[in-house]
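Colleague: Sharing a structure, written as structure tokens. Questions coming.
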Amino acid sequence: MGAKRLDGKALGLKIEARLAERVAALKDAGVEPHLAVVLAGNDPASHVYVRNKQRACERCGIKSTRIDLPNDVSQDQLMQVVMDLNADDSVHGILVQSPTPTGTDELEITAAINPAKDVDGFHPVNLGRLVMGQTDGLLPCTPAGVMQMLNDAEIDLVGKKAVVIGRSRIVGMPLALLLAQKGIDATVTIAHSRTEDIADICRSADLVVAAVGRPATVKADWIKPGATVIDVGINRVADESRENGSRLAGDVEPAAAEVAGHITPVPGGVGPMTISMLMTNTVRAAEANF
């Protein structure tokens, strides 16, 4: 039969429609939610991501300000932009698009953002809250989006085995914490490049999350029949049949859809949910300051 596709684009639009109502209520009360995005350098993918975020702001009614900086921007200059945005009471959310240019320190820049405006959810304070089991704050967007998709699909993970492939601070580690939290109660294994027998570990899992950034890393025969597969990867691969000579591919090979019970498509799965969670964090930050 093939797996049921978890449509992140459709779910994201539903979430944004509900957010638009909250934004309208805030505006009626005299508060205009405002997201500031700092884009440093000329990375083509970053420009695409920022445009998508701006469009989502328009759909939700959120004010969006884009600050473009040159590729040779210094660490001190980037930090000053962040400081200025921290001090601007009209700005509720600050996002510094990754990757930042060579010679700058992303971790230091992230740590400089006011935690209350950290709509990416990467500040040490916000990640620390997550470690403490507090999930009512500004959560990392991709993990939060994955949890929304699982909840919407009514996938019960209590006592089930989950494997998260990838241990980044952006996706893998915070998602593992969310899956293991009380109320979700999955038994979580974090796998990575040095994990031995990774295929066998995945075959025992009821949920496999692939967040490694390499196309078709997870093979169909790694998937237990009926398992849920969340493909976080967005990789550009060559495809001569396409007009532009390339296409987007996930970290999971397409044949896995014939084995899994549920699977996220690429594109149209986790990506749109990440953006809708960014919008959610921005509205939440505005509400917290009201």
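Each chain in the structure tokens gets a letter, A, B, ..., in the order shown, and its residues are numbered from 1; ligands are numbered from 1 in order too.
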Using only C-alpha atoms, tabulate the residues of range 198-227 of chain A lying at most 12 Å from any atom of range 165-176 of chain A, each with its closest atom pair and that distance in Å to one decimal, by chain and increasing residue number, as JSON lines.

Modeller:
{"residue": "A:Ile198", "atom": "CA", "partner": "A:Ile165", "partner_atom": "CA", "distance": 8.9}
{"residue": "A:Ala199", "atom": "CA", "partner": "A:Ile165", "partner_atom": "CA", "distance": 10.8}
{"residue": "A:Ile201", "atom": "CA", "partner": "A:Ile165", "partner_atom": "CA", "distance": 10.4}
{"residue": "A:Cys202", "atom": "CA", "partner": "A:Ile165", "partner_atom": "CA", "distance": 9.1}
{"residue": "A:Ala205", "atom": "CA", "partner": "A:Ile165", "partner_atom": "CA", "distance": 11.6}
{"residue": "A:Leu207", "atom": "CA", "partner": "A:Ile165", "partner_atom": "CA", "distance": 10.8}
{"residue": "A:Val208", "atom": "CA", "partner": "A:Ile165", "partner_atom": "CA", "distance": 7.6}
{"residue": "A:Val209", "atom": "CA", "partner": "A:Ile165", "partner_atom": "CA", "distance": 6.0}
{"residue": "A:Ala210", "atom": "CA", "partner": "A:Ile165", "partner_atom": "CA", "distance": 5.0}
{"residue": "A:Ala211", "atom": "CA", "partner": "A:Gly166", "partner_atom": "CA", "distance": 5.2}
{"residue": "A:Val212", "atom": "CA", "partner": "A:Gly166", "partner_atom": "CA", "distance": 5.3}
{"residue": "A:Gly213", "atom": "CA", "partner": "A:Gly166", "partner_atom": "CA", "distance": 8.8}
{"residue": "A:Arg214", "atom": "CA", "partner": "A:Gly166", "partner_atom": "CA", "distance": 10.8}
{"residue": "A:Thr217", "atom": "CA", "partner": "A:Ile165", "partner_atom": "CA", "distance": 10.1}
{"residue": "A:Val218", "atom": "CA", "partner": "A:Ile165", "partner_atom": "CA", "distance": 9.2}

Colleague: What's the 9 Å shell around Arg247 in chain A, counting only C-alpha atoms, without same-chain residues fewer than 4 positions away, as JSON, numbers by chain?

Modeller: {"A": [235, 236, 237, 238, 239, 242]}

Colleague: From range 87-172 of chain A, collect each residue whose DSSP state is strand (DSSP E) and return the set as a ChimeraX atom specification.

Modeller: /A:93-96,161-165

Colleague: Determine, counting only C-alpha atoms, which protein, DNA and RNA residues have an atom within 10 Å of an atom of range 86-93 of chain A; residues of the same chain fewer than 5 positions away are not included. Present the result as a ChimeraX atom specification.

Modeller: /A:31-37,63-65,80-81,112-120,278-279,281-289

Colleague: Could you tell me which of A:Glu108, A:Glu253, A:Asp221, A:Glu258 comes closest to Gly233 in chain A if we count only C-alpha atoms?

Modeller: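 Between A:Glu108, A:Glu253, A:Asp221, A:Glu258, the residue approaching Gly233 in chain A most closely is A:Glu253.
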
Colleague: Quick one: pick out all helix (DSSP H, G or I) residues within range 120-150 of chain A from a backbone DSSP run and write them as a list in words.

Modeller: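 Restricting range 120-150 of chain A to helix (DSSP H, G or I) produces Pro124, Val125, Asn126, Leu127, Gly128, Arg129, Leu130, Val131, Cys141, Thr142, Pro143, Ala144, Gly145, Val146, Met147, Gln148, Met149 and Leu150 of chain A.
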
Colleague: Could those residues be written to a file, using C-alpha atoms, as a short mmCIF file (atom, residue, chain, number, x, y, z; two decimals), in the first residue's frame?

Modeller:
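Contents of again_26.cif, as written:
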data_model
loop_
_atom_site.label_atom_id
_atom_site.label_comp_id
_atom_site.auth_asym_id
_atom_site.auth_seq_id
_atom_site.Cartn_x
_atom_site.Cartn_y
_atom_site.Cartn_z
CA PRO A 124 21.50 28.46 25.92
CA VAL A 125 18.71 29.67 28.20
CA ASN A 126 15.98 28.29 25.93
CA LEU A 127 17.80 25.01 25.33
CA GLY A 128 18.40 24.78 29.07
CA ARG A 129 14.68 25.19 29.74
CA LEU A 130 14.06 22.29 27.39
CA VAL A 131 16.58 20.13 29.27
CA CYS A 141 11.60 25.27 15.30
CA THR A 142 12.33 22.04 13.43
CA PRO A 143 11.97 19.74 16.47
CA ALA A 144 8.80 21.57 17.49
CA GLY A 145 7.45 21.15 13.96
CA VAL A 146 8.18 17.41 14.02
CA MET A 147 6.30 17.06 17.30
CA GLN A 148 3.32 18.93 15.83
CA MET A 149 3.25 16.56 12.86
CA LEU A 150 3.35 13.48 15.09
#

Colleague: When you look at Leu13 in chain A with a cut-off of 12 Å (counting only C-alpha atoms), what residues show up, excluding the ones that are within fewer than 3 positions of it in the same chain? I need them as a list in words.

Modeller: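 So the residues in contact are Asp7, Gly8, Lys9, Ala10, Glu16, Ala17, Arg18, Leu19, Ala20, Arg55, Ala56, Cys57, Arg59, Cys60, Gly268, Pro272, Met273, Thr274, Ile275, Ser276, Met277, Met279 and Thr280 of chain A.
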